[in-house]
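Written below as structure tokens is the structure these notes are about.
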Amino acid sequence: MSVDLVRMRAGAYHDSVTLMRVSRTAADLPGVEVALVAMATGLNRGVAADLGFGLPEAGPGDLLVALRGEDPAALETAAAELDRLLAGLASRTAGGGDGGPAGLDGPGGFGGFGDPGGFGGAAGFAPRTVGAAARALAADPGPALALVSVPGPYAFTEAMDAIEAGLPVMIFSDNVPVEQEVLLKRRAAERDVLVMGPDCGTAVIGGTGLGFANVLRPGPVGMVAASGTGAQQVACLLDLAGVGVRHVLGVGGRDLSAEVGGLSTLRALAALDADPATELIVLVSKPPAPEVARTVRDAAAGLATPVVSALLGPGSGDLTAAAESALRALGAPVPAWPSWPAPGPAGRKAGDGGAREPGDGTGEPGGAATAPPATAEAGGPTGSGGTARRNGAALHGLYAGGTLCAEARLVAGTGRFTDFGDDAYTRGRAHPMIDPTLRLEALAGVPGGDVALLDVVLGHGADPDPARRLAPAVAAAVARGTAVVVTLVGTEGDPQGLGGQAEALRAAGAAVFASNARAARHAAALAAGAR
């Protein structure tokens with residue numbers, strides 16, 4: 001019979017991403033069946049209650065540790081290990097960081113990012129508010145960046161505190177109301193600083209990654225991204241082609257919506273245009289509002305720095321085409337994008353040794369990249385929720401990245417696609433790039449004879465070994481007759497190891513592609529009966 005161990009630690013704050021990782025670690029400890037380590041917000045208390053834990057009184061500033069297993073002694077051992085982990089986190093916070101983002105010089109409402117230097121020098125002083133941290137850094141020779149990673153209902157206050165202190169701010173938090181986003185960005189314009197986010201999962205400042213970030217070689221490209229995984233796809237393809245990325249300024253997935261109006265995108269474009277080391281700007285976005293897209297394109301056309309646009313939408317190009325356009329704009333050759341064919345019939349169309357598909361990437365520098373539409377065999381457009389069948393096969397897109405999901409839907413032209421990174425799926429649980437549980441359950445439900453299309457995103461912040469859990473699920477799906485196609489976004493420098501992850505997934509039976517557009521075309525062809 002299972003027993004529970006529940007403890008509250010008053011005033012022991014850690015950010016949500018850190019605690020999600022601690023929860024994952026706790027769940028893997030011997031004797032632990034269920035683990036939840038989170039701040040005791042109303043949302044997280046609700047998650048704990050849904051899991052069947054009885055909870056003592058606590059407030060949102062308290063830390064909740066809830067473990068379940070069959071052996072009380074094993075739970076006590078696990079709790080002791082968590083104490084050790086959390087003590088280490090608290091010590092690191094009080095002692096300061098070991099380096100900060102590098103600088104982006106020049107005007108344009110963005111300013112530089114210097115090394116904040118930590119807070120260890122003031123007798124272990126750890127600021128309790130963003131404003132206090134800004135004041136503590138006031139004597140530092142370089143400016144700083146505020147990174148907000150708290151539950152969505154609390155993000156507005158912290159981000160506004162940073163703006164009022166004159167700091168640019170990256171808001172990693174999601175579930176922030178769009179009305180608050182607009183207020184933050186309008187106030188940031190008045191204070192001459194940039195807001196990246198909310199729901200900004202990826203940024204690179206002077207080669208230093210923040211949030212979910214790949215290991216990229218240094219280079220002349222700056223990116224403005226209303227998309228996290230879309231930016232990672234383009235940056236990783238450029239890296240695989242030998243071209244480096246200097247900055248990725250994430251602006252949040254809603255920035256190009258009609259409600260927000262591109263407020264941060266316009267400021268980020270101006271900032272990169274003013275940076276003398278940025279030779280080319282790549283603009284990446286989920287499908288934007290048409291009127292906002294026009295405004296942004298007009299602004300890009302007036303910059304001194306060339307801009308390649310990848311604004312996804314019907315009739316627009318894909319992200320691979322945008323990367324190829326960027327390479328041509330820089331005078332760099334377009335390589336054969338890597339692919340790892342699946343063993344057996346499902347890999348025949350994929351296994352061209354990494355060769356490019358005819359017609360991939362016909363976009364021209366300075367404008368929107370152009371790519372061929374989905375093949376006629378894929379069944380043609382059916383809408384975002386349609387499922388087309390040919391020879392009894394259906395395409396199931398099970399994505400962690402929202403932009404990659406939107407791109408695959410557009411390129412394939414058929415299938416039912418789910419973005420498991422959407423706010424509806426991440427309330428009270430880790431992002432699927434960290435915790436694949438929901439996607440593994442969905443993959444297990446794909447019928448034999450159908451096709452499953454998934455993305456795996458590598459880099460800092462993501463699952464340290466995604467193939468460890470995904471490969472067995474892929475093998476089980478292939479064994480029951482499901483064809484599995486995987487987009488693998490990463491670089492050779494990523495800690496997970498691009499080649500090793502690709503080979504593990506290929507050995508399990510998946511066809512693996514570095515290009516999401518190519519993966520989507522291949523999956524659509526399989527669903528159309530091309531096997």
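Scheme for the structure tokens: letters A, B, ... for chains in order shown; per-chain residue numbers from 1; ligand numbers from 1 in order shown.
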Surrounding residues of Gly493 in chain A excluding itself and chain neighbours under 5 positions, 8 Å, only C-alpha atoms, as a list in words
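My list of contacting residues is Asn214, Val215, Leu216 and Leu498 of chain A.
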Please list as a PyMOL selection string every residue within 8 Å of range 47-58 of chain A, counting only C-alpha atoms and excluding residues in the same chain fewer than 4 positions away.
chain A and resi 4+6+8+10+36+40+43+62+66+428
Could the residues in this selection be saved with N, CA, C and O atoms as a compact mmCIF listing (two decimals), in the first residue's frame?
```
# COMPACT_ATOMS: atom_id res chain seq x y z
N ASP A 4 2.26 8.43 1.78
CA ASP A 4 2.61 9.77 1.34
C ASP A 4 3.53 10.44 2.35
O ASP A 4 3.40 10.24 3.56
N VAL A 6 4.50 14.45 2.95
CA VAL A 6 4.23 15.82 2.53
C VAL A 6 4.87 16.77 3.53
O VAL A 6 4.66 16.66 4.75
N MET A 8 6.09 21.09 4.07
CA MET A 8 6.08 22.49 3.64
C MET A 8 7.30 23.19 4.23
O MET A 8 7.64 22.99 5.40
N ALA A 10 8.51 26.95 4.81
CA ALA A 10 8.03 28.34 4.76
C ALA A 10 9.11 29.25 4.17
O ALA A 10 10.28 29.22 4.58
N LEU A 36 6.03 15.69 -6.40
CA LEU A 36 5.69 17.06 -6.75
C LEU A 36 6.48 17.99 -5.83
O LEU A 36 6.32 17.94 -4.61
N ALA A 40 3.74 26.59 -3.21
CA ALA A 40 2.37 26.24 -2.79
C ALA A 40 1.37 27.29 -3.26
O ALA A 40 0.58 27.82 -2.46
N LEU A 43 -2.70 27.05 -7.79
CA LEU A 43 -2.66 26.10 -8.89
C LEU A 43 -1.92 24.83 -8.50
O LEU A 43 -2.42 23.71 -8.70
N ASP A 62 5.51 29.53 0.14
CA ASP A 62 6.04 28.34 0.81
C ASP A 62 6.32 27.25 -0.22
O ASP A 62 5.68 27.18 -1.28
N ALA A 66 5.92 16.87 -1.97
CA ALA A 66 4.97 15.77 -1.80
C ALA A 66 5.50 14.55 -2.54
O ALA A 66 5.74 14.58 -3.74
N GLY A 428 0.54 23.68 -14.16
CA GLY A 428 0.85 22.77 -13.08
C GLY A 428 1.78 21.63 -13.45
O GLY A 428 1.99 20.72 -12.65
```
Test item: residues at most 9 Å from Gly397 in chain A, only C-alpha atoms, excluding those fewer than 4 positions along its chain, as a list in words:
Cys405, Ala408, Arg409, Gly415, Arg416, Phe417, Thr418, Asp419, Val451, Ala452, Leu453, Leu454, Asp455 and Ala520 of chain A
Could you check the closest approach to Leu526 in chain A for each of A:Val193, A:Val484, A:Val411, A:Leu67 and tell me which residue wins, using only C-alpha atoms?
A:Val484
Could you check which of A:Ala26, A:Ala165, A:Ala479, A:Ile281 is closest to Leu137 in chain A, using only C-alpha atoms?
A:Ala165
Let me make sure I understand: among A:Ala144, A:Ala473, A:Ala430, A:Val308, which one has the smallest atom-to-atom distance to Ser23 in chain A if we use only C-alpha atoms?
A:Ala430
Which one is closest to Pro288 in chain A: A:Ala511, A:Leu89, A:Val478, A:Leu312? Count only C-alpha atoms.
A:Leu312
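Each of A:Ala412, A:Val446, A:Ala483, A:Leu263 was compared to Pro314 in chain A using only C-alpha atoms, and A:Ala412 turns out to be the nearest.
When only C-alpha atoms are used to measure the gap to Val512 in chain A, the shortest distance among A:Gly529, A:Gly448, A:Pro306, A:Pro338 belongs to A:Pro338.
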Hey, can you check how far CA of Leu256 in chain A sits from CA of Val224 in chain A?
11.4 Å
Give me the residues near Gly166 in chain A as a ChimeraX atom specification, where near means some atom within 10 Å (using only C-alpha atoms) and where sequence neighbours in that chain fewer than 6 positions away do not count.
/A:131,134,143-146,160,188,191-194
Excluding Pro287 in chain A and any residue of its chain fewer than 3 positions from it, enumerate the residues within 10 Å of it, using only C-alpha atoms, and give them as a PyMOL selection string.
chain A and resi 226-227+253-254+256-257+284+290+293+310-314+316+403+406-407
Would you export the selected residues with all heavy atoms as a short mmCIF file (atom, residue, chain, number, x, y, z; two decimals), in the first residue's frame, please?
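That gives us selection39.cif:
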```cif
data_model
loop_
_atom_site.label_atom_id
_atom_site.label_comp_id
_atom_site.auth_asym_id
_atom_site.auth_seq_id
_atom_site.Cartn_x
_atom_site.Cartn_y
_atom_site.Cartn_z
N ALA A 226 9.29 35.75 -32.48
CA ALA A 226 8.03 35.57 -31.76
C ALA A 226 7.73 34.08 -31.75
O ALA A 226 6.63 33.63 -32.09
CB ALA A 226 6.92 36.35 -32.45
N SER A 227 8.72 33.32 -31.36
CA SER A 227 8.68 31.87 -31.42
C SER A 227 9.95 31.35 -30.78
O SER A 227 11.05 31.79 -31.12
CB SER A 227 8.63 31.42 -32.89
OG SER A 227 9.19 30.14 -33.04
N GLY A 253 5.34 34.68 -28.00
CA GLY A 253 4.57 34.18 -29.13
C GLY A 253 3.38 35.02 -29.54
O GLY A 253 2.85 34.87 -30.64
N ARG A 254 2.92 35.95 -28.66
CA ARG A 254 1.76 36.78 -29.00
C ARG A 254 2.15 38.16 -29.50
O ARG A 254 1.28 38.99 -29.78
CB ARG A 254 0.87 36.94 -27.77
CG ARG A 254 0.24 35.66 -27.26
CD ARG A 254 -0.68 35.90 -26.09
NE ARG A 254 -0.03 36.59 -24.98
CZ ARG A 254 -0.39 36.46 -23.71
NH1 ARG A 254 -1.37 35.64 -23.39
NH2 ARG A 254 0.22 37.13 -22.75
N LEU A 256 3.20 39.41 -32.24
CA LEU A 256 2.70 39.81 -33.55
C LEU A 256 1.20 39.58 -33.69
O LEU A 256 0.67 39.53 -34.80
CB LEU A 256 3.47 39.11 -34.67
CG LEU A 256 4.71 39.86 -35.17
CD1 LEU A 256 5.78 39.89 -34.10
CD2 LEU A 256 5.28 39.24 -36.44
N SER A 257 0.51 39.43 -32.57
CA SER A 257 -0.95 39.35 -32.60
C SER A 257 -1.53 40.74 -32.74
O SER A 257 -0.84 41.76 -32.51
CB SER A 257 -1.47 38.71 -31.31
OG SER A 257 -1.21 39.55 -30.19
N VAL A 284 11.55 35.60 -37.18
CA VAL A 284 10.80 34.35 -37.13
C VAL A 284 9.54 34.56 -36.31
O VAL A 284 9.58 35.18 -35.24
CB VAL A 284 11.64 33.22 -36.50
CG1 VAL A 284 10.85 31.92 -36.47
CG2 VAL A 284 12.94 33.02 -37.27
N PRO A 290 -2.34 39.71 -39.98
CA PRO A 290 -1.91 40.29 -41.26
C PRO A 290 -1.51 41.76 -41.17
O PRO A 290 -0.49 42.17 -41.74
CB PRO A 290 -3.14 40.10 -42.16
CG PRO A 290 -3.86 38.93 -41.57
CD PRO A 290 -3.65 39.03 -40.09
N ALA A 293 1.84 42.01 -39.46
CA ALA A 293 2.90 41.54 -40.37
C ALA A 293 3.28 42.64 -41.35
O ALA A 293 4.48 42.83 -41.64
CB ALA A 293 2.43 40.29 -41.12
N ALA A 310 10.70 35.01 -41.85
CA ALA A 310 10.06 33.69 -41.81
C ALA A 310 8.80 33.83 -40.97
O ALA A 310 8.76 33.40 -39.81
CB ALA A 310 11.00 32.64 -41.24
N LEU A 311 7.80 34.50 -41.52
CA LEU A 311 6.52 34.67 -40.84
C LEU A 311 5.59 33.58 -41.36
O LEU A 311 5.09 33.65 -42.47
CB LEU A 311 5.94 36.06 -41.14
CG LEU A 311 6.85 37.26 -40.82
CD1 LEU A 311 6.15 38.57 -41.14
CD2 LEU A 311 7.28 37.24 -39.36
N LEU A 312 5.40 32.55 -40.56
CA LEU A 312 4.66 31.39 -41.01
C LEU A 312 3.21 31.74 -41.32
O LEU A 312 2.61 32.61 -40.69
CB LEU A 312 4.70 30.29 -39.95
CG LEU A 312 6.08 29.69 -39.66
CD1 LEU A 312 5.95 28.62 -38.57
CD2 LEU A 312 6.69 29.09 -40.92
N GLY A 313 2.66 31.01 -42.27
CA GLY A 313 1.26 31.20 -42.64
C GLY A 313 1.00 30.58 -43.98
O GLY A 313 1.94 30.22 -44.72
N PRO A 314 -0.27 30.42 -44.36
CA PRO A 314 -0.59 29.85 -45.67
C PRO A 314 0.07 30.65 -46.80
O PRO A 314 0.00 31.87 -46.83
CB PRO A 314 -2.12 29.97 -45.73
CG PRO A 314 -2.55 30.00 -44.30
CD PRO A 314 -1.47 30.75 -43.58
N SER A 316 3.19 31.12 -47.24
CA SER A 316 4.51 31.60 -46.86
C SER A 316 5.49 30.42 -46.83
O SER A 316 5.11 29.26 -46.91
CB SER A 316 4.47 32.27 -45.49
OG SER A 316 3.62 33.39 -45.50
N THR A 403 5.63 26.59 -32.60
CA THR A 403 5.92 27.03 -33.96
C THR A 403 6.25 25.85 -34.86
O THR A 403 5.83 25.80 -36.02
CB THR A 403 7.08 28.03 -33.97
OG1 THR A 403 6.74 29.13 -33.13
CG2 THR A 403 7.36 28.55 -35.36
N ALA A 406 2.95 24.40 -35.77
CA ALA A 406 2.25 25.18 -36.79
C ALA A 406 2.89 24.99 -38.16
O ALA A 406 2.19 24.86 -39.18
CB ALA A 406 2.27 26.66 -36.40
N GLU A 407 4.22 24.96 -38.21
CA GLU A 407 4.90 24.77 -39.49
C GLU A 407 4.59 23.40 -40.07
O GLU A 407 4.30 23.27 -41.27
CB GLU A 407 6.42 24.92 -39.31
CG GLU A 407 7.17 24.69 -40.60
CD GLU A 407 8.67 24.55 -40.42
OE1 GLU A 407 9.09 23.95 -39.41
OE2 GLU A 407 9.42 25.02 -41.30
#
```
Strand (DSSP E or B) per DSSP on the backbone: members of range 418-467 of chain A, as a ChimeraX atom specification
/A:418-419,451-457,460
Dump C-alpha atoms for the selected residues as a PDB file, in the first residue's frame?
```
ATOM      1  CA  THR A 418      -1.414  18.883 -30.960  1.00  0.00           C
ATOM      2  CA  ASP A 419       0.919  21.442 -29.385  1.00  0.00           C
ATOM      3  CA  VAL A 451       1.940   7.873 -38.740  1.00  0.00           C
ATOM      4  CA  ALA A 452       3.246   9.772 -35.700  1.00  0.00           C
ATOM      5  CA  LEU A 453       5.266  12.966 -36.200  1.00  0.00           C
ATOM      6  CA  LEU A 454       7.134  14.358 -33.181  1.00  0.00           C
ATOM      7  CA  ASP A 455       9.745  16.997 -32.424  1.00  0.00           C
ATOM      8  CA  VAL A 456      12.688  16.608 -30.049  1.00  0.00           C
ATOM      9  CA  VAL A 457      14.508  19.815 -29.094  1.00  0.00           C
ATOM     10  CA  HIS A 460      20.402  23.639 -22.267  1.00  0.00           C
TER      11      HIS A 460
END
```
Would you kindly return, as a ChimeraX atom specification, each protein, DNA or RNA residue with an atom no farther than 8 Å from any atom of range 232-235 of chain A, considering only C-alpha atoms and excluding same-chain residues fewer than 2 positions away?
/A:202,213-214,216,228-230,237-239,244-245,319-320,322-323,489-490,515-516
